[in-house]
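What follows is one structure encoded as structure tokens, with my remarks underneath.
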Amino acid sequence: MTTLPTTEHVRLDLRGPVLWAWLERPDARNALSPQMTSSLIATFEAIRDDRTIRVVVIRGAGGIFCSGGDLKSMNASGAAPQTGSPDPLKESNRRFGRLLELVNAAPQAVIAAVEGPAFGGALGLVCVSDVAIARSDAQFSISETTLGIVPAAISPFLVQRVGLTTARRLAVTGARFDGAQAERYGVASATAGTPEAFEAALTDTINGILRCAPGAVAETKRLLHRAAGTMPLPQMLDLAAESFVAAVRGPEGREGTTAFVEKRKPSWAVKV
Amino acid sequence: MTTLPTTEHVRLDLRGPVLWAWLERPDARNALSPQMTSSLIATFEAIRDDRTIRVVVIRGAGGIFCSGGDLKSMNASGAAPQTGSPDPLKESNRRFGRLLELVNAAPQAVIAAVEGPAFGGALGLVCVSDVAIARSDAQFSISETTLGIVPAAISPFLVQRVGLTTARRLAVTGARFDGAQAERYGVASATAGTPEAFEAALTDTINGILRCAPGAVAETKRLLHRAAGTMPLPQMLDLAAESFVAAVRGPEGREGTTAFVEKRKPSWAVKV
Amino acid sequence: MTTLPTTEHVRLDLRGPVLWAWLERPDARNALSPQMTSSLIATFEAIRDDRTIRVVVIRGAGGIFCSGGDLKSMNASGAAPQTGSPDPLKESNRRFGRLLELVNAAPQAVIAAVEGPAFGGALGLVCVSDVAIARSDAQFSISETTLGIVPAAISPFLVQRVGLTTARRLAVTGARFDGAQAERYGVASATAGTPEAFEAALTDTINGILRCAPGAVAETKRLLHRAAGTMPLPQMLDLAAESFVAAVRGPEGREGTTAFVEKRKPSWAVKV
């Protein structure tokens with residue numbers, strides 16, 4: 001059993017196979033903070049090898065996903081002379097990049113549940129989820145250029161999520177977009193108009209994931225990330241064939257194909 | 001004139017410039033078999049240098065595209081001790097990967113005509129076509145994770161077809177999707193609600209391809225696959241410029257631009 | 001203040017921060033010519049370091065974007081024996097590729113304003129814009145294969161714009177598509193049914209860009225292009241963190257975050 005870390009600006013709530021990670025910083029509309037970043041990093045590192053935790057839902061408390069970077073603090077840091085070496089501002093941005101890498105590659109399925117704003121860095125967090133469910137009136141933007149700064153750590157994940165075409169357009173115009181547009185761009189995979197429909201979509205998505213074998217999900221995500229990279233195709237197919245055999249001969253593959261033949265549900269199929 | 005190979009679980013029907021490859025294994029809902037894979041490999045290898053065969057249509061007999069991997073046989077293989085070295089299960093998966101590479105890079109235009117189910121590996125076959133026409137009620141899924149196994153050989157082609165975002169979502173949820181959704185994701189390019197509309201869409205697509213010069217189609221596919229790879233842009237543009245000149249100075253380019261100037265159809269433009 | 005080059009087949013009109021580049025070759029439906037390519041190259045090279053020019057709009061005079069390659073001249077060149085070495089036809093294609101590279105990577109935001117035809121090479125120009133606004137009845141196609149030639153210089157930009165799936169389908173069928181379809185494929189980002197709506201969409205897009213800091217736009221485009229390339233993720237995130245700090249500590253970042261804290265517009269936010 002994994003011991004979950006002590007967190008700040010993030011509230012963890014483990015319910016069976018589902019870990020709810022609530023972004024919670026009510027005095028700043030859940031804006032990103034060094035504590036929030038460190039807490040999420042610690043959480044994803046702690047659960048990495050735990051296949052009993054099968055889904056992580058990232059969600060904002062109080063109906064607000066996350067308002068993005070903390071601009072007041074950024075303004076103060078930018079004005080202050082650089083004290084450390086390396087520059088602590090750079091370290092902090094790189095650390096946020098580390099978080100995005102970690103969530104993106106998490107062996108668990110990750111759901112982003114988006115109500116209200118998801119600007120700048122918060123949009124980056126949405127882009128590294130496996131499934132994002134948004135309220136129709138959620139608000140997104142790559143707001144950085146309107147503030148004289150740049151979408152930095154989020155840039156590779158943004159391009160991977162929506163493609164260069166949409167990313168460059170949204171970035172050079174700073175345009176706001178809502179849940180329906182986010183679905184069209186591929187940022188979100190489904191939208192819900194009401195709180196009830198939103199909760200129902202989350203439950204459906206979680207139950208869909210819980211029909212899938214946890215080890216197979218982890219290995220599949222690894223394969224898909226590799227496939228999205230620059231590995232030459234024949235090498236990728238060699239590696240995939242090895243994964244395939246390991247899965248078919250492994251306990252999950254044995255159970256899953258046997259359950260299919262016996263017309264019953266496999267052992268891992270549960271519901272919340 | 002190409003001699004077509006003798007095939008098993010695949011029925012070949014050459015009609016002028018169009019080769020129909022019918023997946024036909026009625027006792028197993030056209031599930032993939034080693035024979036089917038080998039027959040398709042032999043077919044695509046046999047026609048590689050034949051520019052008189054200009055379109056290949058992959059379609060399932062009996063209104064069933066292909067139900068995917070043969071799970072009964074997979075279950076039996078997984079249970080049996082590994083006898084060969086290398087593992088025959090691995091060889092078989094890698095061979096299916098080889099088929100996907102071959103279809104993907106075929107010099108002919110390839111159409112996938114999808115009625116009924118296209119699960120797992122069958123979805124992979126759809127992903128390597130140039131054009132996929134689906135019945136609205138066709139059924140797709142990346143079903144592997146629900147069976148405790150992984151989408152292996154299909155993973156790079158899936159990511160190339162629908163992008164990482166959609167691929168990861170569909171894979172971690174194992175969700176079924178129909179023709180209309182397949183069109184939205186880019187798996188299919190058009191859907192048809194009735195058998196008549198389906199046949200008409202196939203004929204239209206074939207006739208569209210038959211307006212295009214066969215050598216130009218082959219070279220264009222080669223260029224586009226290169227462009228989707230990791231070649232540095234200046235090198236890609238050098239190579240493209242060479243292709244361009246070869247085409248303009250070659251017999252097809254001479255005929256095509258002359259036909260344009262003379263306001264007539266080029267010699268290769270035929271209809272089925 | 002930049003001195004704009006003398007141009008042929010392109011008319012330049014600088015209006016404050018917006019440079020309008022009108023393709024203008026009325027006797028040939030604005031078909032691409034060596035002069036047009038050279039003029040556009042000279043223009044984008046001349047303004048490269050000028051951050052007072054913040055938007056470039058590429059548009060065709062007379063309600064015609066650009067009919068694509070000059071087929072009559074191509075036919076004549078293909079028929080003539082090759083005189084130079086290297087082949088002048090190859091040089092000319094490579095030079096068009098150089099133009100596409102240059103527009104794609106321009107530090108300014110580039111808008112393609114598409115009325116009427118945008119075939120072949122003209123479609124390539126649309127694909128390297130940051131935002132493309134099209135009339136609903138605009139006409140697009142990858143027409144090359146129907147002419148016995150190949151989409152050469154445009155191939156990498158086409159694949160980057162619409163993905164391999166759509167690119168290969170459009171290329172092997174030579175299919176025409178209109179503005180609405182172009183929007184669905186990602187070629188265009190918005191369409192307008194009337195001349196008035198078209199002008200209004202252009203003005204809105206320009207004003208959206210003019211809310212964004214010019215240096216931040218340039219640096220963001222650089223980051224997004226890198227992110228779309230093959231750089232390993234950790235290295236990309238290191239580089240992004242450096243960009244981030246430079247922006248936050250730089251004059252635009254200082255002004256932008258201060259304006260945010262002071263609830264006022266930043267100095268660069270203007271309207272046309």
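We name chains A, B, ... following the order of the structure tokens; residues begin at 1 in each chain, and ligands are numbered from 1 as shown.
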
Using only C-alpha atoms, which protein or nucleic acid residues come within 9 Å of Ile64 in chain B? Drop anything in the same chain fewer than 3 positions from it, and give the result as a PDB file with N, CA and C atoms, in the first residue's frame.
ATOM      1  N   LEU B  23     -11.332 -10.019 -47.198  1.00  0.00           N
ATOM      2  CA  LEU B  23     -11.004 -10.832 -46.027  1.00  0.00           C
ATOM      3  C   LEU B  23     -12.149 -11.827 -45.879  1.00  0.00           C
ATOM      4  N   ARG B  29     -15.737 -14.790 -38.064  1.00  0.00           N
ATOM      5  CA  ARG B  29     -16.014 -13.368 -38.298  1.00  0.00           C
ATOM      6  C   ARG B  29     -14.800 -12.642 -38.896  1.00  0.00           C
ATOM      7  N   ASN B  30     -14.159 -13.337 -39.841  1.00  0.00           N
ATOM      8  CA  ASN B  30     -12.985 -12.781 -40.543  1.00  0.00           C
ATOM      9  C   ASN B  30     -11.859 -12.359 -39.593  1.00  0.00           C
ATOM     10  N   ARG B  59     -11.546  -5.261 -47.930  1.00  0.00           N
ATOM     11  CA  ARG B  59     -12.933  -5.309 -47.508  1.00  0.00           C
ATOM     12  C   ARG B  59     -13.225  -6.676 -46.925  1.00  0.00           C
ATOM     13  N   GLY B  60     -14.190  -6.765 -46.008  1.00  0.00           N
ATOM     14  CA  GLY B  60     -14.531  -8.045 -45.402  1.00  0.00           C
ATOM     15  C   GLY B  60     -15.724  -8.681 -46.093  1.00  0.00           C
ATOM     16  N   ALA B  61     -15.665  -9.971 -46.310  1.00  0.00           N
ATOM     17  CA  ALA B  61     -16.795 -10.682 -46.909  1.00  0.00           C
ATOM     18  C   ALA B  61     -17.946 -10.778 -45.903  1.00  0.00           C
ATOM     19  N   SER B  67     -12.957  -9.044 -37.310  1.00  0.00           N
ATOM     20  CA  SER B  67     -13.213  -8.944 -35.864  1.00  0.00           C
ATOM     21  C   SER B  67     -11.941  -8.802 -35.045  1.00  0.00           C
ATOM     22  N   VAL B 114     -15.153  -0.410 -44.674  1.00  0.00           N
ATOM     23  CA  VAL B 114     -15.446  -0.988 -43.367  1.00  0.00           C
ATOM     24  C   VAL B 114     -16.939  -1.097 -43.078  1.00  0.00           C
ATOM     25  N   GLU B 115     -17.405  -2.332 -43.044  1.00  0.00           N
ATOM     26  CA  GLU B 115     -18.758  -2.639 -42.567  1.00  0.00           C
ATOM     27  C   GLU B 115     -18.600  -3.491 -41.320  1.00  0.00           C
ATOM     28  N   GLY B 116     -19.489  -3.300 -40.351  1.00  0.00           N
ATOM     29  CA  GLY B 116     -19.440  -4.130 -39.149  1.00  0.00           C
ATOM     30  C   GLY B 116     -18.211  -3.855 -38.301  1.00  0.00           C
ATOM     31  N   PRO B 117     -17.657  -4.901 -37.674  1.00  0.00           N
ATOM     32  CA  PRO B 117     -16.595  -4.700 -36.686  1.00  0.00           C
ATOM     33  C   PRO B 117     -15.213  -4.488 -37.309  1.00  0.00           C
ATOM     34  N   ALA B 118     -14.416  -3.662 -36.639  1.00  0.00           N
ATOM     35  CA  ALA B 118     -12.994  -3.479 -36.962  1.00  0.00           C
ATOM     36  C   ALA B 118     -12.294  -3.234 -35.625  1.00  0.00           C
ATOM     37  N   ALA B 138     -20.650   0.930 -38.423  1.00  0.00           N
ATOM     38  CA  ALA B 138     -19.439   0.115 -38.225  1.00  0.00           C
ATOM     39  C   ALA B 138     -19.002   0.271 -36.769  1.00  0.00           C
TER      40      ALA B 138
END

* At most 10 Å to chain A: residues in chain B, only C-alpha atoms, as a ChimeraX atom specification -> /B:71-82,87-98,101,143-160,163-175,184-185,229-230

* DSSP says strand (DSSP E) for which residues of range 44-150 of chain B? Put them as an MDAnalysis selection string? -> chainID B and resid 55:60 109:114 117:119 131:135 139:141

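The interatomic distance for the pair CA of Val56 in chain A and CA of Gly16 in chain A works out to 11.2 Å.
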